[in-house]
$ cat model27.pdb   # PDB, C-alpha atoms, pLDDT in the B column
MODEL        1
ATOM      1  CA  MET A 913      -5.047  10.909 -18.259  1.00 46.00           C
ATOM      2  CA  THR A 914      -7.593  10.997 -15.437  1.00 48.00           C
ATOM      3  CA  ILE A 915     -10.035   8.122 -15.150  1.00 51.00           C
ATOM      4  CA  GLU A 916     -13.211   8.666 -13.141  1.00 59.00           C
ATOM      5  CA  LEU A 917     -12.869   5.978 -10.522  1.00 77.00           C
ATOM      6  CA  GLU A 918     -15.467   4.006  -8.696  1.00 84.00           C
ATOM      7  CA  TYR A 919     -14.996   1.011  -6.443  1.00 93.00           C
ATOM      8  CA  SER A 920     -14.215  -2.173  -8.314  1.00 91.00           C
ATOM      9  CA  SER A 921     -13.196  -5.708  -7.420  1.00 91.00           C
ATOM     10  CA  SER A 922     -11.367  -6.246 -10.715  1.00 88.00           C
ATOM     11  CA  MET A 923      -8.105  -6.798  -8.859  1.00 89.00           C
ATOM     12  CA  ASN A 924      -9.367 -10.286  -8.030  1.00 87.00           C
ATOM     13  CA  GLY A 925      -8.506 -11.420 -11.531  1.00 78.00           C
ATOM     14  CA  ALA A 926      -5.695  -8.955 -12.140  1.00 82.00           C
ATOM     15  CA  SER A 927      -3.493  -8.260  -9.175  1.00 88.00           C
ATOM     16  CA  TYR A 928       0.134  -7.347  -9.967  1.00 94.00           C
ATOM     17  CA  LEU A 929       0.789  -8.117 -13.654  1.00 95.00           C
ATOM     18  CA  LEU A 930       4.077  -6.238 -14.064  1.00 96.00           C
ATOM     19  CA  PHE A 931       5.352  -8.372 -16.957  1.00 96.00           C
ATOM     20  CA  GLU A 932       2.009  -8.055 -18.753  1.00 96.00           C
ATOM     21  CA  LEU A 933       1.861  -4.295 -18.267  1.00 97.00           C
ATOM     22  CA  LYS A 934       5.362  -3.878 -19.681  1.00 98.00           C
ATOM     23  CA  GLN A 935       4.323  -5.800 -22.824  1.00 97.00           C
ATOM     24  CA  VAL A 936       1.377  -3.446 -23.392  1.00 98.00           C
ATOM     25  CA  VAL A 937       3.346  -0.275 -22.560  1.00 98.00           C
ATOM     26  CA  LYS A 938       6.050  -1.329 -25.035  1.00 98.00           C
ATOM     27  CA  LEU A 939       3.475  -1.765 -27.823  1.00 98.00           C
ATOM     28  CA  LYS A 940       1.882   1.554 -26.907  1.00 97.00           C
ATOM     29  CA  GLN A 941       5.286   3.253 -27.153  1.00 97.00           C
ATOM     30  CA  GLU A 942       5.797   1.611 -30.555  1.00 97.00           C
ATOM     31  CA  GLY A 943       2.652   3.358 -31.767  1.00 97.00           C
ATOM     32  CA  PHE A 944       0.167   0.484 -31.863  1.00 97.00           C
ATOM     33  CA  SER A 945      -3.492   1.422 -31.378  1.00 96.00           C
ATOM     34  CA  ILE A 946      -5.563   0.065 -28.502  1.00 94.00           C
ATOM     35  CA  GLU A 947      -7.309  -2.369 -30.850  1.00 96.00           C
ATOM     36  CA  GLU A 948      -4.013  -3.533 -32.367  1.00 97.00           C
ATOM     37  CA  ILE A 949      -2.559  -4.071 -28.894  1.00 97.00           C
ATOM     38  CA  ARG A 950      -5.593  -6.123 -27.812  1.00 95.00           C
ATOM     39  CA  SER A 951      -5.313  -8.285 -30.931  1.00 95.00           C
ATOM     40  CA  LYS A 952      -1.565  -8.808 -30.587  1.00 95.00           C
ATOM     41  CA  VAL A 953      -1.843  -9.753 -26.911  1.00 95.00           C
ATOM     42  CA  VAL A 954      -4.526 -12.352 -27.649  1.00 92.00           C
ATOM     43  CA  ASP A 955      -3.267 -13.676 -31.017  1.00 93.00           C
ATOM     44  CA  GLU A 956       0.413 -13.886 -30.022  1.00 93.00           C
ATOM     45  CA  ASN A 957      -0.268 -14.780 -26.361  1.00 91.00           C
ATOM     46  CA  LEU A 958       2.083 -11.997 -25.264  1.00 93.00           C
ATOM     47  CA  PHE A 959       1.164 -12.542 -21.616  1.00 92.00           C
ATOM     48  CA  GLN A 960       2.346 -16.172 -21.952  1.00 92.00           C
ATOM     49  CA  PHE A 961      -0.703 -17.539 -20.141  1.00 90.00           C
ATOM     50  CA  GLU A 962      -1.584 -21.185 -20.681  1.00 86.00           C
ATOM     51  CA  ASN A 963      -5.254 -20.351 -20.241  1.00 85.00           C
ATOM     52  CA  LYS A 964      -6.626 -18.078 -22.989  1.00 82.00           C
ATOM     53  CA  GLY A 965      -9.601 -17.176 -20.779  1.00 85.00           C
ATOM     54  CA  ARG A 966      -7.191 -15.567 -18.315  1.00 88.00           C
ATOM     55  CA  ILE A 967      -5.987 -13.161 -21.019  1.00 88.00           C
ATOM     56  CA  LYS A 968      -9.529 -11.894 -21.545  1.00 87.00           C
ATOM     57  CA  ARG A 969      -9.987 -11.492 -17.772  1.00 89.00           C
ATOM     58  CA  THR A 970      -6.752  -9.572 -17.166  1.00 93.00           C
ATOM     59  CA  LEU A 971      -6.480  -7.521 -20.369  1.00 94.00           C
ATOM     60  CA  PRO A 972      -9.030  -4.796 -19.422  1.00 94.00           C
ATOM     61  CA  SER A 973      -7.142  -4.026 -16.176  1.00 95.00           C
ATOM     62  CA  VAL A 974      -3.762  -4.028 -17.912  1.00 97.00           C
ATOM     63  CA  MET A 975      -5.064  -1.732 -20.677  1.00 97.00           C
ATOM     64  CA  LYS A 976      -6.519   0.644 -18.090  1.00 96.00           C
ATOM     65  CA  ARG A 977      -3.187   0.756 -16.243  1.00 97.00           C
ATOM     66  CA  ALA A 978      -1.257   1.314 -19.481  1.00 98.00           C
ATOM     67  CA  HIS A 979      -3.560   4.237 -20.265  1.00 97.00           C
ATOM     68  CA  VAL A 980      -2.392   6.177 -17.175  1.00 97.00           C
ATOM     69  CA  ILE A 981       1.289   5.643 -17.971  1.00 98.00           C
ATOM     70  CA  ASP A 982       2.354   8.527 -20.196  1.00 97.00           C
ATOM     71  CA  SER A 983       5.400   8.308 -22.447  1.00 96.00           C
ATOM     72  CA  ALA A 984       7.792   9.797 -19.835  1.00 97.00           C
ATOM     73  CA  LEU A 985       6.827   7.093 -17.318  1.00 98.00           C
ATOM     74  CA  ALA A 986       6.791   4.454 -20.077  1.00 98.00           C
ATOM     75  CA  ILE A 987      10.444   5.208 -20.891  1.00 98.00           C
ATOM     76  CA  LEU A 988      11.400   4.913 -17.213  1.00 97.00           C
ATOM     77  CA  MET A 989       9.426   1.676 -16.949  1.00 97.00           C
ATOM     78  CA  LEU A 990      10.947   0.088 -20.041  1.00 97.00           C
ATOM     79  CA  GLU A 991      14.512   1.366 -19.705  1.00 97.00           C
ATOM     80  CA  GLY A 992      14.957   1.820 -15.958  1.00 96.00           C
ATOM     81  CA  SER A 993      15.660  -0.672 -13.196  1.00 96.00           C
ATOM     82  CA  ILE A 994      13.257  -3.363 -12.031  1.00 96.00           C
ATOM     83  CA  GLU A 995      12.637  -1.211  -8.917  1.00 96.00           C
ATOM     84  CA  MET A 996      11.523   1.675 -11.148  1.00 97.00           C
ATOM     85  CA  SER A 997       9.186  -0.657 -13.053  1.00 98.00           C
ATOM     86  CA  LYS A 998       7.680  -1.903  -9.806  1.00 97.00           C
ATOM     87  CA  VAL A 999       7.019   1.632  -8.530  1.00 98.00           C
ATOM     88  CA  ILE A1000       5.408   2.690 -11.825  1.00 98.00           C
ATOM     89  CA  ASN A1001       3.289  -0.471 -11.844  1.00 98.00           C
ATOM     90  CA  LEU A1002       2.166   0.242  -8.270  1.00 98.00           C
ATOM     91  CA  TYR A1003       1.333   3.828  -9.256  1.00 98.00           C
ATOM     92  CA  ALA A1004      -0.747   2.559 -12.214  1.00 98.00           C
ATOM     93  CA  ILE A1005      -2.599   0.092  -9.970  1.00 97.00           C
ATOM     94  CA  MET A1006      -3.417   2.820  -7.437  1.00 97.00           C
ATOM     95  CA  LYS A1007      -4.379   5.283 -10.160  1.00 97.00           C
ATOM     96  CA  THR A1008      -6.876   2.817 -11.665  1.00 96.00           C
ATOM     97  CA  ASP A1009      -8.160   1.084  -8.515  1.00 96.00           C
ATOM     98  CA  LEU A1010      -9.773   3.443  -5.993  1.00 96.00           C
ATOM     99  CA  LEU A1011     -10.160   0.864  -3.228  1.00 97.00           C
ATOM    100  CA  PHE A1012      -6.522  -0.205  -3.432  1.00 97.00           C
ATOM    101  CA  PHE A1013      -5.381   3.432  -3.474  1.00 97.00           C
ATOM    102  CA  GLU A1014      -7.415   4.085  -0.319  1.00 97.00           C
ATOM    103  CA  PHE A1015      -5.907   0.977   1.296  1.00 98.00           C
ATOM    104  CA  MET A1016      -2.389   2.228   0.519  1.00 98.00           C
ATOM    105  CA  ASP A1017      -3.231   5.769   1.621  1.00 97.00           C
ATOM    106  CA  GLU A1018      -5.206   4.976   4.775  1.00 97.00           C
ATOM    107  CA  VAL A1019      -3.443   1.845   6.010  1.00 98.00           C
ATOM    108  CA  ILE A1020       0.035   1.269   4.553  1.00 97.00           C
ATOM    109  CA  SER A1021       1.403   4.811   4.303  1.00 97.00           C
ATOM    110  CA  GLU A1022      -0.058   5.623   7.739  1.00 96.00           C
ATOM    111  CA  LYS A1023       1.741   2.649   9.262  1.00 96.00           C
ATOM    112  CA  LEU A1024       5.039   3.486   7.565  1.00 96.00           C
ATOM    113  CA  ARG A1025       4.848   7.137   8.625  1.00 95.00           C
ATOM    114  CA  ASN A1026       4.131   6.101  12.219  1.00 95.00           C
ATOM    115  CA  GLY A1027       6.993   3.598  12.276  1.00 95.00           C
ATOM    116  CA  ASP A1028       4.566   0.665  12.604  1.00 95.00           C
ATOM    117  CA  TYR A1029       6.067  -2.080  10.463  1.00 96.00           C
ATOM    118  CA  LEU A1030       3.478  -4.807  11.020  1.00 95.00           C
ATOM    119  CA  ILE A1031       0.465  -5.385   8.768  1.00 96.00           C
ATOM    120  CA  GLU A1032      -1.906  -7.761  10.472  1.00 94.00           C
ATOM    121  CA  LYS A1033      -5.129  -9.426   9.416  1.00 94.00           C
ATOM    122  CA  LYS A1034      -7.077  -7.117  11.712  1.00 96.00           C
ATOM    123  CA  ASP A1035      -5.710  -4.048   9.854  1.00 97.00           C
ATOM    124  CA  ILE A1036      -7.099  -5.318   6.562  1.00 97.00           C
ATOM    125  CA  ASN A1037     -10.355  -6.460   8.160  1.00 97.00           C
ATOM    126  CA  LEU A1038     -10.901  -3.059   9.808  1.00 98.00           C
ATOM    127  CA  PHE A1039     -10.251  -1.281   6.514  1.00 98.00           C
ATOM    128  CA  PHE A1040     -12.782  -3.446   4.669  1.00 97.00           C
ATOM    129  CA  GLU A1041     -15.349  -3.180   7.468  1.00 97.00           C
ATOM    130  CA  ALA A1042     -15.158   0.620   7.269  1.00 97.00           C
ATOM    131  CA  LYS A1043     -15.559   0.539   3.481  1.00 97.00           C
ATOM    132  CA  LEU A1044     -18.527  -1.839   3.722  1.00 95.00           C
ATOM    133  CA  GLU A1045     -20.257   0.730   5.919  1.00 96.00           C
ATOM    134  CA  GLN A1046     -19.348   3.665   3.662  1.00 95.00           C
ATOM    135  CA  SER A1047     -20.193   2.158   0.284  1.00 95.00           C
ATOM    136  CA  GLU A1048     -23.347   0.447  -0.926  1.00 94.00           C
ATOM    137  CA  LYS A1049     -21.415  -0.964  -3.842  1.00 95.00           C
ATOM    138  CA  ILE A1050     -18.813  -2.678  -1.641  1.00 96.00           C
ATOM    139  CA  SER A1051     -21.495  -3.932   0.762  1.00 95.00           C
ATOM    140  CA  SER A1052     -23.164  -5.667  -2.197  1.00 96.00           C
ATOM    141  CA  TRP A1053     -20.067  -7.804  -2.862  1.00 96.00           C
ATOM    142  CA  SER A1054     -20.011 -11.385  -1.633  1.00 96.00           C
ATOM    143  CA  ASP A1055     -17.842 -12.460   1.311  1.00 96.00           C
ATOM    144  CA  ILE A1056     -15.845 -14.670  -1.063  1.00 96.00           C
ATOM    145  CA  ASN A1057     -15.179 -11.708  -3.347  1.00 96.00           C
ATOM    146  CA  ILE A1058     -13.953  -9.620  -0.409  1.00 96.00           C
ATOM    147  CA  GLU A1059     -11.717 -12.417   0.920  1.00 96.00           C
ATOM    148  CA  LYS A1060     -10.163 -12.774  -2.546  1.00 95.00           C
ATOM    149  CA  LEU A1061      -9.594  -9.015  -2.686  1.00 96.00           C
ATOM    150  CA  LYS A1062      -7.806  -9.070   0.670  1.00 96.00           C
ATOM    151  CA  ARG A1063      -5.464 -11.741  -0.709  1.00 94.00           C
ATOM    152  CA  ALA A1064      -4.966  -9.775  -3.939  1.00 95.00           C
ATOM    153  CA  PHE A1065      -4.025  -6.652  -1.943  1.00 96.00           C
ATOM    154  CA  MET A1066      -1.460  -8.637   0.070  1.00 95.00           C
ATOM    155  CA  GLN A1067      -0.090 -10.115  -3.151  1.00 94.00           C
ATOM    156  CA  VAL A1068       0.461  -6.608  -4.570  1.00 96.00           C
ATOM    157  CA  LEU A1069       2.178  -5.522  -1.341  1.00 96.00           C
ATOM    158  CA  PHE A1070       4.505  -8.509  -1.558  1.00 96.00           C
ATOM    159  CA  GLU A1071       5.327  -8.136  -5.250  1.00 95.00           C
ATOM    160  CA  SER A1072       5.835  -4.374  -4.904  1.00 96.00           C
ATOM    161  CA  GLY A1073       8.402  -4.971  -2.175  1.00 95.00           C
ATOM    162  CA  PHE A1074       6.474  -3.747   0.891  1.00 96.00           C
ATOM    163  CA  LEU A1075       6.414  -7.207   2.486  1.00 95.00           C
ATOM    164  CA  LYS A1076       9.581  -9.119   3.299  1.00 86.00           C
ATOM    165  CA  SER A1077       8.065 -12.415   2.150  1.00 86.00           C
ATOM    166  CA  ARG A1078       4.749 -13.769   0.904  1.00 83.00           C
ATOM    167  CA  GLN A1079       3.806 -14.998   4.395  1.00 85.00           C
ATOM    168  CA  SER A1080       5.337 -12.049   6.219  1.00 84.00           C
ATOM    169  CA  LYS A1081       3.457  -9.473   8.238  1.00 91.00           C
ATOM    170  CA  GLU A1082       6.568  -7.278   8.311  1.00 95.00           C
ATOM    171  CA  LEU A1083       6.357  -4.091   6.271  1.00 96.00           C
ATOM    172  CA  GLY A1084       9.251  -2.164   4.816  1.00 93.00           C
ATOM    173  CA  HIS A1085       9.718   0.966   2.733  1.00 94.00           C
ATOM    174  CA  ILE A1086      10.201   0.677  -1.006  1.00 95.00           C
ATOM    175  CA  ILE A1087      12.771   2.788  -2.825  1.00 93.00           C
ATOM    176  CA  ILE A1088      11.196   5.373  -5.090  1.00 96.00           C
ATOM    177  CA  ASP A1089      13.647   6.762  -7.623  1.00 96.00           C
ATOM    178  CA  GLU A1090      13.994  10.555  -7.427  1.00 96.00           C
ATOM    179  CA  GLN A1091      13.159  10.901 -11.141  1.00 96.00           C
ATOM    180  CA  ILE A1092       9.806   9.179 -10.602  1.00 97.00           C
ATOM    181  CA  LYS A1093       9.107  11.130  -7.414  1.00 97.00           C
ATOM    182  CA  GLU A1094       9.876  14.482  -9.050  1.00 97.00           C
ATOM    183  CA  TYR A1095       7.887  13.627 -12.165  1.00 97.00           C
ATOM    184  CA  LEU A1096       4.778  12.485 -10.283  1.00 97.00           C
ATOM    185  CA  ASN A1097       4.947  15.612  -8.115  1.00 96.00           C
ATOM    186  CA  ARG A1098       5.283  17.761 -11.242  1.00 97.00           C
ATOM    187  CA  ILE A1099       2.201  16.251 -12.930  1.00 97.00           C
ATOM    188  CA  GLY A1100       0.134  16.711  -9.768  1.00 96.00           C
ATOM    189  CA  ASP A1101       0.139  13.084  -8.581  1.00 97.00           C
ATOM    190  CA  VAL A1102       1.863  13.713  -5.251  1.00 95.00           C
ATOM    191  CA  ARG A1103      -0.907  11.828  -3.406  1.00 97.00           C
ATOM    192  CA  TYR A1104       0.244   8.574  -5.024  1.00 97.00           C
ATOM    193  CA  VAL A1105       3.830   9.202  -3.895  1.00 97.00           C
ATOM    194  CA  ARG A1106       2.515   9.843  -0.375  1.00 96.00           C
ATOM    195  CA  ALA A1107       0.422   6.658  -0.501  1.00 97.00           C
ATOM    196  CA  MET A1108       3.631   4.713  -1.179  1.00 96.00           C
ATOM    197  CA  GLY A1109       4.898   5.891   2.208  1.00 91.00           C
ATOM    198  CA  GLU A1110       6.983   8.878   1.130  1.00 83.00           C
TER
ENDMDL
END
$ encode --input "model27.pdb" --output "structure tokens"
Amino acid sequence: MTIELEYSSSMNGASYLLFELKQVVKLKQEGFSIEEIRSKVVDENLFQFENKGRIKRTLPSVMKRAHVIDSALAILMLEGSIEMSKVINLYAIMKTDLLFFEFMDEVISEKLRNGDYLIEKKDINLFFEAKLEQSEKISSWSDINIEKLKRAFMQVLFESGFLKSRQSKELGHIIIDEQIKEYLNRIGDVRYVRAMGE
């Protein structure tokens, strides 16, 4: 289930999308093919978007995330608590978005491990400045694109439960169910558990 990752700014059009991911995972579990799932999502507007163009923008990211959720995680996502769904969604985002994974790993989990529960603008700016220097691809992105990405990252932190409120700078730990933790460790994805602050 490994995807060769390179830096991408696709999160601009597809940040959290938990409801949408659950729709796709459910169809995948029911045995629908990738093509059938794409058709159903578009034809039946399963994402419940008013704008059809938004479906086409978000579907590739959602499909990519669904691809890294195997049937054991799919069952936990569909039958477990909302907290379990959120953790699995976050895992899928990190597993399919290298830049966001590095942000979680290098900024958020570091802060949580050090007992620093404030995420400030400067933390995000420093992270992006470092990446701009390290990567030609990222340095080719427009300032607007990067500003949107910063907002998308904060949105994911909020919806995952790391931020107390949408405007908050206060970080908190999320609860990772033991079943998920053990399973991710067993399949060799311990780095994603660590990136969530465990």
$ residues_around --input "model27.pdb" --residues "A:Ser993" --least-positions-apart "5" --cutoff "10 Å" --atoms "only C-alpha atoms" --output "PyMOL selection string"
chain A and resi 988+998+1089
$ resolve_selection --input "model27.pdb" --expression "the PyMOL selection byres ((chain A and resi 1004-1013) around 8)" --output "VMD selection string"
chain A and resid 915 917 to 920 923 928 976 to 978 980 to 981 1000 to 1003 1014 to 1017 1065 1104 1107
$ closest_residue --input "model27.pdb" --among "A:Leu1096, A:Gly1109, A:Gly925, A:Ser1072" --to "A:Val1019" --atoms "all atoms listed in the file"
A:Gly1109
$ axis_aligned_box --input "model27.pdb" --around "stretch 1065-1076 of chain A" --padding-each-side "6 Å" --output "JSON"
{"center_x": 2.8, "center_y": -6.9, "center_z": -1.0, "size_x": 25.6, "size_y": 18.4, "size_z": 20.5}
$ closest_residue --input "model27.pdb" --among "A:Leu1044, A:Val953, A:Ile1092, A:Val974" --to "A:Leu933" --atoms "all atoms listed in the file"
A:Val974
$ residues_around --input "model27.pdb" --residues "A:Ile1088" --least-positions-apart "3" --cutoff "9 Å" --atoms "only C-alpha atoms" --output "mmCIF file with C-alpha atoms, in the coordinates of the input"
data_model
loop_
_atom_site.group_PDB
_atom_site.id
_atom_site.type_symbol
_atom_site.label_atom_id
_atom_site.label_comp_id
_atom_site.auth_asym_id
_atom_site.auth_seq_id
_atom_site.Cartn_x
_atom_site.Cartn_y
_atom_site.Cartn_z
ATOM 1 C CA GLU A 995 12.637 -1.211 -8.917
ATOM 2 C CA MET A 996 11.523 1.675 -11.148
ATOM 3 C CA VAL A 999 7.019 1.632 -8.530
ATOM 4 C CA GLN A 1091 13.159 10.901 -11.141
ATOM 5 C CA ILE A 1092 9.806 9.179 -10.602
ATOM 6 C CA LYS A 1093 9.107 11.130 -7.414
ATOM 7 C CA VAL A 1105 3.830 9.202 -3.895
ATOM 8 C CA MET A 1108 3.631 4.713 -1.179
ATOM 9 C CA GLU A 1110 6.983 8.878 1.130
#
$ closest_residue --input "model27.pdb" --among "A:Gly1100, A:Gly1084, A:Gly943, A:Gly1073" --to "A:Leu1030" --atoms "all atoms listed in the file"
A:Gly1084
$ resolve_selection --input "model27.pdb" --expression "the PyMOL selection byres ((chain A and resi 929) around 10)" --output "ChimeraX atom specification"
/A:926-928,930-934,959,970-971,973-974,1001,1005,1068,1071
$ write_last_selection --input "model27.pdb" --atoms "C-alpha atoms" --output "PDB file, in the frame of the given file"
ATOM      1  CA  ALA A 926      -5.695  -8.955 -12.140  1.00 82.00           C
ATOM      2  CA  SER A 927      -3.493  -8.260  -9.175  1.00 88.00           C
ATOM      3  CA  TYR A 928       0.134  -7.347  -9.967  1.00 94.00           C
ATOM      4  CA  LEU A 930       4.077  -6.238 -14.064  1.00 96.00           C
ATOM      5  CA  PHE A 931       5.352  -8.372 -16.957  1.00 96.00           C
ATOM      6  CA  GLU A 932       2.009  -8.055 -18.753  1.00 96.00           C
ATOM      7  CA  LEU A 933       1.861  -4.295 -18.267  1.00 97.00           C
ATOM      8  CA  LYS A 934       5.362  -3.878 -19.681  1.00 98.00           C
ATOM      9  CA  PHE A 959       1.164 -12.542 -21.616  1.00 92.00           C
ATOM     10  CA  THR A 970      -6.752  -9.572 -17.166  1.00 93.00           C
ATOM     11  CA  LEU A 971      -6.480  -7.521 -20.369  1.00 94.00           C
ATOM     12  CA  SER A 973      -7.142  -4.026 -16.176  1.00 95.00           C
ATOM     13  CA  VAL A 974      -3.762  -4.028 -17.912  1.00 97.00           C
ATOM     14  CA  ASN A1001       3.289  -0.471 -11.844  1.00 98.00           C
ATOM     15  CA  ILE A1005      -2.599   0.092  -9.970  1.00 97.00           C
ATOM     16  CA  VAL A1068       0.461  -6.608  -4.570  1.00 96.00           C
ATOM     17  CA  GLU A1071       5.327  -8.136  -5.250  1.00 95.00           C
TER      18      GLU A1071
END
$ resolve_selection --input "model27.pdb" --expression "the PyMOL selection byres ((chain A and resi 1078) around 12)" --output "list of chain:residue names"
A:Arg1063, A:Ala1064, A:Phe1065, A:Met1066, A:Gln1067, A:Val1068, A:Leu1069, A:Phe1070, A:Glu1071, A:Ser1072, A:Gly1073, A:Phe1074, A:Leu1075, A:Lys1076, A:Ser1077, A:Gln1079, A:Ser1080, A:Lys1081, A:Glu1082, A:Leu1083
$ write_last_selection --input "model27.pdb" --atoms "C-alpha atoms" --output "short mmCIF file (atom, residue, chain, number, x, y, z; two decimals), in the coordinates of the input"
data_model
loop_
_atom_site.label_atom_id
_atom_site.label_comp_id
_atom_site.auth_asym_id
_atom_site.auth_seq_id
_atom_site.Cartn_x
_atom_site.Cartn_y
_atom_site.Cartn_z
CA ARG A 1063 -5.46 -11.74 -0.71
CA ALA A 1064 -4.97 -9.78 -3.94
CA PHE A 1065 -4.03 -6.65 -1.94
CA MET A 1066 -1.46 -8.64 0.07
CA GLN A 1067 -0.09 -10.12 -3.15
CA VAL A 1068 0.46 -6.61 -4.57
CA LEU A 1069 2.18 -5.52 -1.34
CA PHE A 1070 4.50 -8.51 -1.56
CA GLU A 1071 5.33 -8.14 -5.25
CA SER A 1072 5.84 -4.37 -4.90
CA GLY A 1073 8.40 -4.97 -2.17
CA PHE A 1074 6.47 -3.75 0.89
CA LEU A 1075 6.41 -7.21 2.49
CA LYS A 1076 9.58 -9.12 3.30
CA SER A 1077 8.06 -12.42 2.15
CA GLN A 1079 3.81 -15.00 4.39
CA SER A 1080 5.34 -12.05 6.22
CA LYS A 1081 3.46 -9.47 8.24
CA GLU A 1082 6.57 -7.28 8.31
CA LEU A 1083 6.36 -4.09 6.27
#
$ closest_residue --input "model27.pdb" --among "A:Gln935, A:Asp1101, A:Phe1040, A:Ser1051" --to "A:Lys952" --atoms "all atoms listed in the file"
A:Gln935
$ residues_around --input "model27.pdb" --residues "A:Asn1037" --least-positions-apart "4" --cutoff "10 Å" --atoms "all atoms listed in the file" --output "ChimeraX atom specification"
/A:1032-1033,1041-1043,1058-1059,1062
$ atom_distance --input "model27.pdb" --atom1 "atom CA of A:Asn1097" --atom2 "atom CA of A:Glu942"
26.5 Å
$ atom_distance --input "model27.pdb" --atom1 "atom CA of A:Ser922" --atom2 "atom CA of A:Asn1057"
9.9 Å
$ closest_residue --input "model27.pdb" --among "A:Leu939, A:Glu991, A:Arg1106, A:Arg969" --to "A:Leu1024" --atoms "all atoms listed in the file"
A:Arg1106
$ residues_near_point --input "model27.pdb" --point "(-7.7, -10.7, -23.5)" --cutoff "9 Å" --atoms "all atoms listed in the file" --output "list in words"
Arg950, Ser951, Val953, Val954, Asn957, Lys964, Gly965, Arg966, Ile967, Lys968, Arg969, Thr970, Leu971 and Pro972 of chain A
$ closest_residue --input "model27.pdb" --among "A:Ser1047, A:Val937, A:Arg1098, A:His1085" --to "A:Arg1025" --atoms "only C-alpha atoms"
A:His1085
$ atom_distance --input "model27.pdb" --atom1 "atom CA of A:Lys1049" --atom2 "atom CA of A:Asp1035"
21.1 Å
$ build_atoms --input "model27.pdb" --residues "stretch 1044-1049 of chain A" --atoms "all heavy atoms" --output "CSV table (one decimal), in the frame of the given file"
chain,number,residue,atom,x,y,z
A,1044,LEU,N,-17.2,-1.2,3.8
A,1044,LEU,CA,-18.5,-1.8,3.7
A,1044,LEU,C,-19.6,-0.9,4.3
A,1044,LEU,O,-20.7,-0.8,3.7
A,1044,LEU,CB,-18.6,-3.2,4.5
A,1044,LEU,CG,-17.9,-4.4,3.8
A,1044,LEU,CD1,-17.6,-5.5,4.9
A,1044,LEU,CD2,-18.7,-4.9,2.7
A,1045,GLU,N,-19.3,-0.2,5.3
A,1045,GLU,CA,-20.3,0.7,5.9
A,1045,GLU,C,-20.4,2.0,5.1
A,1045,GLU,O,-21.5,2.6,5.0
A,1045,GLU,CB,-19.8,1.1,7.3
A,1045,GLU,CG,-20.1,0.0,8.4
A,1045,GLU,CD,-19.5,0.4,9.7
A,1045,GLU,OE1,-19.3,1.6,10.0
A,1045,GLU,OE2,-19.3,-0.6,10.5
A,1046,GLN,N,-19.3,2.4,4.4
A,1046,GLN,CA,-19.3,3.7,3.7
A,1046,GLN,C,-19.9,3.5,2.3
A,1046,GLN,O,-20.4,4.5,1.7
A,1046,GLN,CB,-17.9,4.2,3.5
A,1046,GLN,CG,-17.3,4.7,4.8
A,1046,GLN,CD,-15.8,4.8,4.7
A,1046,GLN,OE1,-15.2,4.9,3.6
A,1046,GLN,NE2,-15.1,4.9,5.8
A,1047,SER,N,-19.8,2.3,1.7
A,1047,SER,CA,-20.2,2.2,0.3
A,1047,SER,C,-21.2,1.1,0.1
A,1047,SER,O,-21.0,-0.1,0.4
A,1047,SER,CB,-18.9,1.8,-0.5
A,1047,SER,OG,-19.2,1.3,-1.8
A,1048,GLU,N,-22.3,1.4,-0.6
A,1048,GLU,CA,-23.3,0.4,-0.9
A,1048,GLU,C,-22.8,-0.6,-1.9
A,1048,GLU,O,-23.1,-1.8,-1.8
A,1048,GLU,CB,-24.6,1.2,-1.6
A,1048,GLU,CG,-25.6,1.7,-0.6
A,1048,GLU,CD,-26.8,2.3,-1.2
A,1048,GLU,OE1,-27.2,1.7,-2.2
A,1048,GLU,OE2,-27.2,3.3,-0.7
A,1049,LYS,N,-22.0,-0.1,-2.8
A,1049,LYS,CA,-21.4,-1.0,-3.8
A,1049,LYS,C,-20.6,-2.1,-3.2
A,1049,LYS,O,-20.8,-3.2,-3.5
A,1049,LYS,CB,-20.6,-0.2,-4.8
A,1049,LYS,CG,-20.0,-1.0,-5.9
A,1049,LYS,CD,-19.5,-0.3,-7.1
A,1049,LYS,CE,-19.2,-1.2,-8.3
A,1049,LYS,NZ,-18.8,-0.6,-9.5
